[in-house]
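Report on the structure given below.
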Amino acid sequence: MRAAILREHGEPLAVRKLPDPDPEADGVVVRVNACGVCRSDWHAWAGHGEWADDRVPRGQVLGHEPAGEVVAVGDEVDRFRPGDRVVVPFSLGDGTCPHCRRGAGNVCEDGRALGFEAAAPGAFAERVAVPAADYNLVKRPEWLGATAAAALGCRYMTAYHALAERTTVGGGDAVAVHGCGGVGLSAVQIAAALGARVIAVDVDGDALELAREFGADATVNPASLPEERSVPERIRALTDGGADVSMDALGIAETCRNSVRSLRPRGTHVQVGLTTDAERGEVSLPTDWMTRWEISFLGSRGMPPTSYPDLFALIEATGIDPGALVARELSLSEVSDRLAAMDEYEATGVEVVTDFEG
């Protein structure tokens, strides 16, 4: 099979032939029809995460947002057969730990992160192996094509888990989304579908225009604000006192602090974006102010595979179209250039690999 391999951090990926994977006894192999290219892939490619003992090793096959078709099944698998149309979550639980049994497989004690560690080669490849398939693998509804499912893969599931499960966004809530890349735009759509009033924040006018198309009631461009006016002040003015929920979907110190400061008393900040070399996993926060106003700070990572039915139900009931976020379809050989473009935030919307031969 052809696969894109991390040779050196920050350098072009090597597209090479590798042996097809075999399924583990409890696993399957999926033929990849589509795989999204995500900012988390950029973090891996750039070599971030050393500060959290989470640096992706050289030699790794990247890619963590696959959708495709089962082609091989282990002897212990009950729920899947060759030909099943599936989507693969990147947070792979073992299905047996206390967290998995409580429906929180995304924080499994013995979990694997697809595309980010040697034990879980990723899906910038023609085939990908999925362990503990009866727990991790998810059948796709007939109405969900592979390209849309790949767009849904990390971005939508992360946004849904953050807004509907880590917090409980509901009708009339004011939600601010800081950073309108793939996960931020997904969060705009999810929050709007949940009945919230959404304020989208980004320095890119095109991204803000997309945010409006996808349900944002208002937008804020920090580069366009008067020098004496801050992002939090503008959001408090738009929301009559501050957001109920605010998400940092980018992961730099400025957006994290702006998100926290944008909240009303007893509001909730959700951290989704991962930090860069500038922050190295640490961001200073106004903790006395947070204590005074009883501000909650939550982390959110991916989504448990057991939550997919609820996410599918929301998409079907509200008419959300994950495929509408797909700005470009790519060949495997183009992935390196698109990762490099993320250095300067040049990617808009979601880009998906659909050609694994080119």
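All residue names refer to the structure tokens as shown: chains lettered A, B, ... in order, residues numbered from 1 in each chain, ligands numbered from 1 in order.
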
**Selection: 12 Å around A:Arg292, only C-alpha atoms, excl. self and same-chain fewer than 3 positions, as a ChimeraX atom specification** = /A:264-267,286-289,295-296

Considering only C-alpha atoms, tabulate each residue of stretch 280-357 of chain A that lies at most 10 Å from stretch 186-191 of chain A along with its nearest interatomic pair and the corresponding distance in Å to one decimal; arrange the rows by chain and ascending residue number and present them as a Markdown table.
| residue | atom | partner | partner_atom | distance |
| --- | --- | --- | --- | --- |
| A:Leu311 | CA | A:Ile190 | CA | 9.5 |
| A:Leu314 | CA | A:Ile190 | CA | 8.7 |
| A:Ile315 | CA | A:Ile190 | CA | 8.7 |
| A:Thr318 | CA | A:Ile190 | CA | 9.6 |
| A:Ile320 | CA | A:Gln189 | CA | 7.1 |
| A:Asp321 | CA | A:Gln189 | CA | 8.9 |
| A:Pro322 | CA | A:Ser186 | CA | 7.8 |
| A:Leu325 | CA | A:Ser186 | CA | 8.0 |
| A:Gly349 | CA | A:Ser186 | CA | 9.2 |
| A:Val350 | CA | A:Ser186 | CA | 9.6 |

Mind dumping the selected residues with N, CA and C atoms as a PDB file, in the first residue's frame?
ATOM      1  N   LEU A 311     -24.244  12.052  17.724  1.00  0.00           N
ATOM      2  CA  LEU A 311     -23.781  13.033  16.746  1.00  0.00           C
ATOM      3  C   LEU A 311     -24.486  12.823  15.407  1.00  0.00           C
ATOM      4  N   LEU A 314     -27.986  14.212  15.610  1.00  0.00           N
ATOM      5  CA  LEU A 314     -28.044  15.675  15.531  1.00  0.00           C
ATOM      6  C   LEU A 314     -27.865  16.142  14.089  1.00  0.00           C
ATOM      7  N   ILE A 315     -26.910  15.553  13.380  1.00  0.00           N
ATOM      8  CA  ILE A 315     -26.670  15.937  11.994  1.00  0.00           C
ATOM      9  C   ILE A 315     -27.907  15.680  11.142  1.00  0.00           C
ATOM     10  N   THR A 318     -30.951  18.088  12.120  1.00  0.00           N
ATOM     11  CA  THR A 318     -30.809  19.523  11.888  1.00  0.00           C
ATOM     12  C   THR A 318     -30.364  19.872  10.481  1.00  0.00           C
ATOM     13  N   ILE A 320     -27.324  19.611   9.295  1.00  0.00           N
ATOM     14  CA  ILE A 320     -25.926  20.017   9.208  1.00  0.00           C
ATOM     15  C   ILE A 320     -25.255  19.219   8.092  1.00  0.00           C
ATOM     16  N   ASP A 321     -24.411  19.865   7.325  1.00  0.00           N
ATOM     17  CA  ASP A 321     -23.706  19.188   6.236  1.00  0.00           C
ATOM     18  C   ASP A 321     -22.201  19.265   6.470  1.00  0.00           C
ATOM     19  N   PRO A 322     -21.590  18.223   7.059  1.00  0.00           N
ATOM     20  CA  PRO A 322     -20.132  18.254   7.252  1.00  0.00           C
ATOM     21  C   PRO A 322     -19.380  18.431   5.939  1.00  0.00           C
ATOM     22  N   LEU A 325     -18.000  21.854   4.610  1.00  0.00           N
ATOM     23  CA  LEU A 325     -16.735  22.408   5.073  1.00  0.00           C
ATOM     24  C   LEU A 325     -15.561  22.026   4.189  1.00  0.00           C
ATOM     25  N   GLY A 349     -11.179  26.157   5.845  1.00  0.00           N
ATOM     26  CA  GLY A 349     -12.101  25.034   5.785  1.00  0.00           C
ATOM     27  C   GLY A 349     -11.369  23.723   6.042  1.00  0.00           C
ATOM     28  N   VAL A 350     -11.885  22.651   5.468  1.00  0.00           N
ATOM     29  CA  VAL A 350     -11.342  21.310   5.677  1.00  0.00           C
ATOM     30  C   VAL A 350     -10.801  20.776   4.358  1.00  0.00           C
TER      31      VAL A 350
END

**Request:** Select, from A:Leu339, A:Ala313, A:Val175, A:Ala223, the residue with the minimum atom-to-atom distance to A:Arg236, counting only C-alpha atoms.
**Result:** A:Val175

**Request:** Quick one: everything within 7 Å of A:Ala162, counting only C-alpha atoms, minus sequence neighbours fewer than 5 positions away in the same chain. Send it as a list of chain:residue names.
**Result:** A:Thr167, A:Val270, A:Ser300

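Near A:Glu279, within 10 Å and counting only C-alpha atoms, sit Trp51, Gly251, Ile252, Ala253, Leu274 and Ser284 of chain A; same-chain residues fewer than 5 positions away were not included.
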
**Message:** I'd like the neighbourhood of stretch 243-249 of chain A as a PyMOL selection string, where a residue qualifies if any of its atoms comes within 8 Å (using only C-alpha atoms), though same-chain residues fewer than 6 positions away should be ignored.
**Reply:** chain A and resi 167+169+173-181+183-184+235-236+255-256+259-260+262-264+266-273

Output C-alpha atoms for every residue in that selection, as an mmCIF file, in the first residue's frame.
data_model
loop_
_atom_site.group_PDB
_atom_site.id
_atom_site.type_symbol
_atom_site.label_atom_id
_atom_site.label_comp_id
_atom_site.auth_asym_id
_atom_site.auth_seq_id
_atom_site.Cartn_x
_atom_site.Cartn_y
_atom_site.Cartn_z
ATOM 1 C CA THR A 167 -20.513 21.486 28.390
ATOM 2 C CA VAL A 169 -24.860 24.188 25.198
ATOM 3 C CA ASP A 173 -26.828 30.311 25.074
ATOM 4 C CA ALA A 174 -24.193 32.705 23.771
ATOM 5 C CA VAL A 175 -21.196 30.776 22.444
ATOM 6 C CA ALA A 176 -17.933 32.378 21.317
ATOM 7 C CA VAL A 177 -15.581 30.399 19.063
ATOM 8 C CA HIS A 178 -12.012 31.676 18.895
ATOM 9 C CA GLY A 179 -10.294 30.436 15.729
ATOM 10 C CA CYS A 180 -12.264 29.438 12.632
ATOM 11 C CA GLY A 181 -10.225 26.665 11.119
ATOM 12 C CA VAL A 183 -12.668 22.573 14.285
ATOM 13 C CA GLY A 184 -13.760 26.167 14.855
ATOM 14 C CA ILE A 235 -17.831 39.908 22.784
ATOM 15 C CA ARG A 236 -19.221 41.197 26.079
ATOM 16 C CA THR A 255 -6.854 33.129 21.964
ATOM 17 C CA CYS A 256 -6.958 31.104 25.182
ATOM 18 C CA SER A 259 -11.700 33.125 25.377
ATOM 19 C CA VAL A 260 -11.574 33.073 29.177
ATOM 20 C CA SER A 262 -14.974 36.741 27.058
ATOM 21 C CA LEU A 263 -17.136 34.876 29.573
ATOM 22 C CA ARG A 264 -19.948 36.133 31.746
ATOM 23 C CA ARG A 266 -20.147 31.415 35.922
ATOM 24 C CA GLY A 267 -19.335 30.933 32.237
ATOM 25 C CA THR A 268 -17.378 27.979 30.863
ATOM 26 C CA HIS A 269 -14.231 27.974 28.773
ATOM 27 C CA VAL A 270 -13.467 24.869 26.696
ATOM 28 C CA GLN A 271 -9.907 24.289 25.527
ATOM 29 C CA VAL A 272 -9.711 22.326 22.279
ATOM 30 C CA GLY A 273 -6.708 23.826 20.457
#

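Shortest separation to A:Leu330 among A:Cys35, A:Asp94, A:Leu18, A:Arg79 occurs at residue A:Cys35, atoms counted being only C-alpha atoms.
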
Surrounding residues of A:Ala146 excluding itself and chain neighbours under 6 positions, 7 Å, only C-alpha atoms, as a PDB file with C-alpha atoms, in the first residue's frame:
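Saved as part26.pdb:
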ATOM      1  CA  ASN A  33     -11.556   6.175   0.915  1.00  0.00           C
ATOM      2  CA  ALA A  34     -10.952   9.595   2.481  1.00  0.00           C
ATOM      3  CA  ALA A  67     -13.509   6.882   6.517  1.00  0.00           C
ATOM      4  CA  GLY A  68     -13.690   3.829   4.320  1.00  0.00           C
TER       5      GLY A  68
END

**Prompt:** So which residues of stretch 210-290 of chain A fall under alpha helix (DSSP H) by DSSP, listed as a count of residues only?
**Reply:** 25

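Atom CA of A:Pro305 is found 20.1 Å from atom CA of A:Gly83.
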
**Asked** Which neighbours of A:Tyr135 fall inside 9 Å, counting only C-alpha atoms, when residues of the same chain fewer than 4 positions from it are skipped, and could you give them as a list in words?
**Response** Leu92, Gly93, Asp94, Gly95, Cys100, Gly105, Pro131, Pro305 and Thr306 of chain A

Take the residues from that selection and put them in a file with all heavy atoms, as a PDB file, in the first residue's frame.
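out34.pdb was written with the following content:
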ATOM      1  N   LEU A  92      -8.546   5.709  20.163  1.00  0.00           N
ATOM      2  CA  LEU A  92      -8.858   4.283  20.137  1.00  0.00           C
ATOM      3  C   LEU A  92      -8.741   3.709  21.542  1.00  0.00           C
ATOM      4  O   LEU A  92      -7.640   3.613  22.090  1.00  0.00           O
ATOM      5  CB  LEU A  92      -7.904   3.555  19.178  1.00  0.00           C
ATOM      6  CG  LEU A  92      -7.923   4.054  17.728  1.00  0.00           C
ATOM      7  CD1 LEU A  92      -6.805   3.404  16.925  1.00  0.00           C
ATOM      8  CD2 LEU A  92      -9.281   3.780  17.088  1.00  0.00           C
ATOM      9  N   GLY A  93      -9.873   3.350  22.151  1.00  0.00           N
ATOM     10  CA  GLY A  93      -9.861   2.750  23.484  1.00  0.00           C
ATOM     11  C   GLY A  93      -9.682   1.245  23.401  1.00  0.00           C
ATOM     12  O   GLY A  93      -9.868   0.627  22.346  1.00  0.00           O
ATOM     13  N   ASP A  94      -9.325   0.645  24.554  1.00  0.00           N
ATOM     14  CA  ASP A  94      -9.224  -0.819  24.567  1.00  0.00           C
ATOM     15  C   ASP A  94     -10.581  -1.476  24.810  1.00  0.00           C
ATOM     16  O   ASP A  94     -10.733  -2.690  24.670  1.00  0.00           O
ATOM     17  CB  ASP A  94      -8.188  -1.293  25.582  1.00  0.00           C
ATOM     18  CG  ASP A  94      -8.546  -0.965  27.039  1.00  0.00           C
ATOM     19  OD1 ASP A  94      -9.708  -0.586  27.320  1.00  0.00           O
ATOM     20  OD2 ASP A  94      -7.654  -1.097  27.899  1.00  0.00           O
ATOM     21  N   GLY A  95     -11.568  -0.659  25.190  1.00  0.00           N
ATOM     22  CA  GLY A  95     -12.918  -1.174  25.389  1.00  0.00           C
ATOM     23  C   GLY A  95     -13.155  -1.849  26.722  1.00  0.00           C
ATOM     24  O   GLY A  95     -14.284  -2.256  27.017  1.00  0.00           O
ATOM     25  N   CYS A 100     -13.500   3.408  29.464  1.00  0.00           N
ATOM     26  CA  CYS A 100     -14.240   2.877  28.308  1.00  0.00           C
ATOM     27  C   CYS A 100     -15.601   2.352  28.733  1.00  0.00           C
ATOM     28  O   CYS A 100     -16.614   2.592  28.059  1.00  0.00           O
ATOM     29  CB  CYS A 100     -13.441   1.755  27.636  1.00  0.00           C
ATOM     30  SG  CYS A 100     -11.990   2.297  26.707  1.00  0.00           S
ATOM     31  N   GLY A 105     -14.134   6.420  26.227  1.00  0.00           N
ATOM     32  CA  GLY A 105     -12.992   5.759  25.605  1.00  0.00           C
ATOM     33  C   GLY A 105     -11.943   6.707  25.090  1.00  0.00           C
ATOM     34  O   GLY A 105     -10.806   6.300  24.842  1.00  0.00           O
ATOM     35  N   PRO A 131      -7.674  -1.420  16.045  1.00  0.00           N
ATOM     36  CA  PRO A 131      -7.767  -2.417  17.119  1.00  0.00           C
ATOM     37  C   PRO A 131      -9.103  -2.327  17.851  1.00  0.00           C
ATOM     38  O   PRO A 131      -9.822  -1.317  17.733  1.00  0.00           O
ATOM     39  CB  PRO A 131      -6.613  -2.023  18.037  1.00  0.00           C
ATOM     40  CG  PRO A 131      -6.517  -0.534  17.880  1.00  0.00           C
ATOM     41  CD  PRO A 131      -6.859  -0.262  16.436  1.00  0.00           C
ATOM     42  N   PRO A 305     -16.067   6.891  21.024  1.00  0.00           N
ATOM     43  CA  PRO A 305     -16.778   6.276  19.899  1.00  0.00           C
ATOM     44  C   PRO A 305     -18.242   6.005  20.201  1.00  0.00           C
ATOM     45  O   PRO A 305     -19.077   5.992  19.290  1.00  0.00           O
ATOM     46  CB  PRO A 305     -16.002   4.971  19.650  1.00  0.00           C
ATOM     47  CG  PRO A 305     -15.221   4.727  20.891  1.00  0.00           C
ATOM     48  CD  PRO A 305     -14.932   6.071  21.475  1.00  0.00           C
ATOM     49  N   THR A 306     -18.574   5.825  21.469  1.00  0.00           N
ATOM     50  CA  THR A 306     -19.960   5.553  21.857  1.00  0.00           C
ATOM     51  C   THR A 306     -20.873   6.753  21.654  1.00  0.00           C
ATOM     52  O   THR A 306     -22.100   6.623  21.723  1.00  0.00           O
ATOM     53  CB  THR A 306     -20.008   5.113  23.328  1.00  0.00           C
ATOM     54  OG1 THR A 306     -19.228   6.025  24.115  1.00  0.00           O
ATOM     55  CG2 THR A 306     -19.432   3.715  23.495  1.00  0.00           C
TER      56      THR A 306
END

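Residue nearest A:Arg39 within the list A:Arg261, A:Arg197, A:His64, A:Arg280: A:His64 [criterion: smallest interatomic distance, only C-alpha atoms].
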